[in-house]
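The structure under discussion appears below in the form of structure tokens.
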Amino acid sequence: MSSTTENIITVKNLVKKFGSFTANDHLTFEVKKGEIFGFLGANGAGKTTAIKILCGLSYPTSGELSVAGFDIYTQREKVKRNIGYMSQRFSLYDDLTVFENIRFYGGIYGLGKKEINSRTNDLMQRLGFEAARDKLIRDIPLGWKQKLAFSVAILHNPKIVFLDEPTGGVDPITRRQFWDMIYEAAHNGITVFVTTHYMDEAEYCDRVSIMVDGKIAALDTPENLKRQFGAQSMNDVFIKLARP
Amino acid sequence: MRTILYIIQKEFLQVFRNKSMLPIIFVLPVIQLIILVNAATYEMKHIRVSVVDLDLSGTSRKLVSKFQGSPFYQVKHTSFSYAEAEDEMKKGKTDMILQVPSGFEKKLLTEGMAKVQFVINAINGQSAGLTNAYSTMILLDYNREVVLDNNNPALMAGIRTIQTDYSYWYNPKLNYKTYMVPGILVLLVTIIGLLLSGMNIVREVEIGTIEQINVTPINKIQFIAGKLLPFWIIGLFELAFGLAVGKLLFNIPMEGNLGLIFLSAAVYLFVILSFGLLISTVTSTQQQAMLVSFFFMVVFILMSGLFTSIESMPEWAQKLDRLNPVMYFIRIMRMVLLKGSGFADISSHFWSLVVYAVCSLGLAILRYRKVS
């Protein structure tokens with residue numbers, strides 16, 4: 001997309017250990033402002049661990065990290081004001097309605113009443129959810145929930161949004177629609193950091209890093225990676241890397 | 001501040017959307033008051049007596065009729081064999097045996113002294129003590145009558161006893177319900193408060209929303225305040241509701257200042273709720289939180305002086321009880337409602353609760369971590 005050369009995330013030698021197990025082994029990478037950065041890896045490769053550290057949910061063991069221009073150790077709260085996060089697990093309240101969820105998260109990020117209302121209306125219209133506005137989250141389909149969770153994660157116009165396997169368990173059509181939403185967010189200047197293990201999704205990313213056993217095994221654009229590994233698709237690249 | 005309001009709004013929505021919550025808040029107090037207050041009685045009624053009257057004289061019959069006439073006793077069984085009476089007690093059919101030996105009347109009139117025997121089932125020591133006390137009273141009463149009826153100088157000599165004149169203060173009719181209701185209300189507020197708050201954060205951990213909260217700029221104090229205040233309001237409301245039910249159903253006295261009750265309750269609820277949140281932060285599932293809450297609740301309540309007197313506990317237990325917040329609040333409730341105590345009278349209990357509240361709230365804030 002509209003990638004610039006300005007780095008919005010800088011990670012140098014990030015290490016995270018759980019006892020003797022090293023989940024992240026000296027990760028070093030940059031994410032450029034406005035790009036869609038794919039963070040790939042098999043289950044247990046250390047993707048979620050890294051994303052949690054970048055979001056300020058977990059302390060790194062060592063390493064230098066800057067997110068949205070702020071240091072993760074000393075300016076944690078400023079980092080949080082500027083990021084959105086959608087976790088693997090479902091993150092909206094089941095027993096609240098669509099609107100009540102939006103109002104709660106909007107309110108927490110300091111949006112005013114009018115702003116919350118206008119953004120909700122806007123959102124409902126764009127997603128075609130008008131009829132579901134006052135339905136409980138538990139009563140709407142999974143695909144809708146995912147789209148809504150994503151919309152809530154970027155409700156406060158963050159600089160970066162972190163998506164941790166956002167399309168797990170969703171049908172292909174909804175997945176495609178979800179990626180349209182991601183493109184739209186990127187188009188509006190939000191940097192997208194997304195983990196996935198659907199390799200077709202990797203093709204949609206501007207740049208992709210592939211993690212194997214806690215290390216970054218490759219990092220480049222999908223085209224370059226395919227060329228480098230002499231592969232037809234990202235799927236082949238991944239299999240070559242993950243199963244040497 | 002606005003952030004806190006948004007959290008409070010959300011918590012209230014969730015509490016009242018939960019269909020089992022409203023019955024818990026409104027029906028539980030009424031049921032608890034009606035059942036517990038009536039069931040947890042110290043009074044003894046219908047003590048079942050087995051009579052073994054081997055004398056069969058006018059005097060012995062009068063004694064037996066004294067027991068029969070008392071509302072506390074019920075003569076269940078009469079026999080001429082002590083062994084048979086003992087059998088009845090073993091079967092659990094009677095609580096006490098009254099044995100009058102043969103020659104009772106004759107001995108009384110000639111020697112001026114005679115003996116009867118009470119055999120009391122003392123499996124429950126407390127009720128056995130009460131049975132003995134009641135029976136002795138009846139016997140003393142009867143004794144006086146015998147002396148006056150017979151006008152016997154030999155007996156008259158023994159009657160120069162000191163008469164005690166007594167009056168019961170603060171609960172003149174010795175109505176145990178008056179004593180129980182304030183304590184049961186404390187129980188109610190404690191259970192509701194501890195369970196609601198204890199399950200709360202851990203529930204968000206279980207469903208995963210806590211992560212979403214933790215990536216927002218909400219700070220610890222806002223989070224804890226937003227979590228505490230809704231249950232604090234519900235707890236105070238619960239107390240008001242319980243007091244109203246107590247007044248309507250049992251006409252409990254309210255001698256003291258209700259403002260003082262609510263001031264103490266406000267502090268007490270902070271203790272209980274932050275204790276619950278603390279449990280919530282150290283457990284990882286709702287079941288765990290529930291079990292830990294129950295453990296503390298049972299210990300606190302049994303040692304609170306609600307059913308047994310604290311003064312009769314061993315000294316080490318009394319010292320340990322200084323850590324029991326329930327004990328302080330039950331004392332305050334009883335003192336203010338029954339005696340009409342003012343702030344000066346309850347101040348030591350009150351300040352203990354304040355210290356407790358500050359410590360447990362501080363600990364809950366300290367323990368809650370946004371970052372793992």
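Each chain of the structure tokens is named A, B, ... in the order shown, its residues numbered from 1; ligands are numbered from 1 in display order.
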
12 Å contact set for segment 283-292 of chain B, only C-alpha atoms, chain neighbours under 4 positions out, as a count of residues only: 29

Pull out every residue of chain A that has at least one atom within 10 Å of chain B, counting only C-alpha atoms, and report them as an MDAnalysis selection string. chainID A and resid 52:53 55:60 76:97 100:101 103:112 153

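Comparing A:Leu163, A:Glu115, A:Thr174, A:Asp236 by their smallest distance to Leu127 of chain A, the closest is A:Thr174 (using only C-alpha atoms).
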
Just the residues within 10 Å of Ile216 of chain A, please, counting only C-alpha atoms, with nothing from its chain fewer than 3 positions along; format it as a VMD selection string. chain A and resid 24 to 29 39 to 41 45 to 46 209 to 213 219

I want to know what sits within 10 Å of Tyr179 of chain B, based on only C-alpha atoms, with residues of the same chain fewer than 2 positions away left out; could you give that as a PDB file with N, CA, C and O atoms, in the first residue's frame?
```pdb
ATOM      1  N   VAL B  37     -33.355 -16.779  60.547  1.00  0.00           N
ATOM      2  CA  VAL B  37     -33.696 -16.172  61.820  1.00  0.00           C
ATOM      3  C   VAL B  37     -34.594 -17.098  62.635  1.00  0.00           C
ATOM      4  O   VAL B  37     -34.444 -17.233  63.846  1.00  0.00           O
ATOM      5  N   TYR B 170     -31.414  -3.979  76.976  1.00  0.00           N
ATOM      6  CA  TYR B 170     -31.262  -3.900  75.507  1.00  0.00           C
ATOM      7  C   TYR B 170     -32.091  -4.932  74.750  1.00  0.00           C
ATOM      8  O   TYR B 170     -32.316  -4.803  73.566  1.00  0.00           O
ATOM      9  N   ASN B 171     -32.495  -5.976  75.461  1.00  0.00           N
ATOM     10  CA  ASN B 171     -33.330  -6.962  74.788  1.00  0.00           C
ATOM     11  C   ASN B 171     -34.199  -7.568  75.881  1.00  0.00           C
ATOM     12  O   ASN B 171     -34.047  -8.716  76.250  1.00  0.00           O
ATOM     13  N   LEU B 174     -35.733 -10.935  75.940  1.00  0.00           N
ATOM     14  CA  LEU B 174     -34.806 -11.979  75.513  1.00  0.00           C
ATOM     15  C   LEU B 174     -35.252 -12.587  74.193  1.00  0.00           C
ATOM     16  O   LEU B 174     -35.231 -13.789  74.002  1.00  0.00           O
ATOM     17  N   ASN B 175     -35.660 -11.706  73.291  1.00  0.00           N
ATOM     18  CA  ASN B 175     -36.099 -12.170  71.985  1.00  0.00           C
ATOM     19  C   ASN B 175     -34.870 -12.444  71.127  1.00  0.00           C
ATOM     20  O   ASN B 175     -34.150 -11.532  70.745  1.00  0.00           O
ATOM     21  N   TYR B 176     -34.614 -13.705  70.829  1.00  0.00           N
ATOM     22  CA  TYR B 176     -33.387 -14.020  70.104  1.00  0.00           C
ATOM     23  C   TYR B 176     -33.425 -13.498  68.670  1.00  0.00           C
ATOM     24  O   TYR B 176     -32.415 -13.277  68.053  1.00  0.00           O
ATOM     25  N   LYS B 177     -34.623 -13.303  68.135  1.00  0.00           N
ATOM     26  CA  LYS B 177     -34.720 -12.807  66.758  1.00  0.00           C
ATOM     27  C   LYS B 177     -34.128 -11.411  66.643  1.00  0.00           C
ATOM     28  O   LYS B 177     -33.453 -11.077  65.684  1.00  0.00           O
ATOM     29  N   VAL B 181     -31.268 -10.996  63.752  1.00  0.00           N
ATOM     30  CA  VAL B 181     -31.476 -10.273  62.490  1.00  0.00           C
ATOM     31  C   VAL B 181     -30.286  -9.391  62.087  1.00  0.00           C
ATOM     32  O   VAL B 181     -29.806  -9.492  60.959  1.00  0.00           O
ATOM     33  N   PRO B 182     -29.764  -8.556  63.002  1.00  0.00           N
ATOM     34  CA  PRO B 182     -28.630  -7.723  62.567  1.00  0.00           C
ATOM     35  C   PRO B 182     -27.450  -8.562  62.090  1.00  0.00           C
ATOM     36  O   PRO B 182     -26.799  -8.202  61.096  1.00  0.00           O
ATOM     37  N   GLY B 183     -27.207  -9.680  62.751  1.00  0.00           N
ATOM     38  CA  GLY B 183     -26.098 -10.541  62.350  1.00  0.00           C
ATOM     39  C   GLY B 183     -26.335 -11.186  60.999  1.00  0.00           C
ATOM     40  O   GLY B 183     -25.455 -11.252  60.153  1.00  0.00           O
ATOM     41  N   ILE B 184     -27.565 -11.652  60.786  1.00  0.00           N
ATOM     42  CA  ILE B 184     -27.893 -12.293  59.514  1.00  0.00           C
ATOM     43  C   ILE B 184     -27.759 -11.288  58.364  1.00  0.00           C
ATOM     44  O   ILE B 184     -27.335 -11.634  57.265  1.00  0.00           O
ATOM     45  N   ILE B 252     -37.564  -5.513  64.230  1.00  0.00           N
ATOM     46  CA  ILE B 252     -36.323  -5.368  64.982  1.00  0.00           C
ATOM     47  C   ILE B 252     -36.155  -3.923  65.445  1.00  0.00           C
ATOM     48  O   ILE B 252     -36.576  -3.002  64.762  1.00  0.00           O
ATOM     49  N   PRO B 253     -35.586  -3.744  66.624  1.00  0.00           N
ATOM     50  CA  PRO B 253     -35.407  -2.378  67.121  1.00  0.00           C
ATOM     51  C   PRO B 253     -34.328  -1.657  66.315  1.00  0.00           C
ATOM     52  O   PRO B 253     -33.414  -2.280  65.797  1.00  0.00           O
ATOM     53  N   LEU B 306     -21.574 -14.615  65.423  1.00  0.00           N
ATOM     54  CA  LEU B 306     -22.969 -14.611  64.997  1.00  0.00           C
ATOM     55  C   LEU B 306     -23.756 -15.666  65.762  1.00  0.00           C
ATOM     56  O   LEU B 306     -24.830 -15.411  66.288  1.00  0.00           O
ATOM     57  N   PHE B 307     -23.191 -16.864  65.874  1.00  0.00           N
ATOM     58  CA  PHE B 307     -23.910 -17.953  66.533  1.00  0.00           C
ATOM     59  C   PHE B 307     -23.359 -18.232  67.935  1.00  0.00           C
ATOM     60  O   PHE B 307     -24.080 -18.650  68.811  1.00  0.00           O
ATOM     61  N   MET B 333     -23.276  -3.552  64.175  1.00  0.00           N
ATOM     62  CA  MET B 333     -24.709  -3.654  63.878  1.00  0.00           C
ATOM     63  C   MET B 333     -25.516  -3.892  65.148  1.00  0.00           C
ATOM     64  O   MET B 333     -26.533  -3.255  65.388  1.00  0.00           O
ATOM     65  N   ARG B 334     -25.050  -4.844  65.971  1.00  0.00           N
ATOM     66  CA  ARG B 334     -25.807  -5.163  67.176  1.00  0.00           C
ATOM     67  C   ARG B 334     -25.787  -3.997  68.153  1.00  0.00           C
ATOM     68  O   ARG B 334     -26.793  -3.659  68.773  1.00  0.00           O
ATOM     69  N   LEU B 337     -27.924  -1.009  66.547  1.00  0.00           N
ATOM     70  CA  LEU B 337     -29.356  -1.295  66.405  1.00  0.00           C
ATOM     71  C   LEU B 337     -30.007  -1.613  67.745  1.00  0.00           C
ATOM     72  O   LEU B 337     -31.097  -1.140  68.043  1.00  0.00           O
ATOM     73  N   LEU B 338     -29.356  -2.426  68.579  1.00  0.00           N
ATOM     74  CA  LEU B 338     -30.014  -2.885  69.808  1.00  0.00           C
ATOM     75  C   LEU B 338     -29.770  -1.943  70.986  1.00  0.00           C
ATOM     76  O   LEU B 338     -30.667  -1.689  71.779  1.00  0.00           O
TER      77      LEU B 338
END
```

Output as a VMD selection string all residues of segment 49-232 of chain A that backbone DSSP marks as strand (DSSP E or B). chain A and resid 62 to 67 70 to 71 83 to 86 97 136 160 to 164 191 to 196 207 to 212 215 to 220
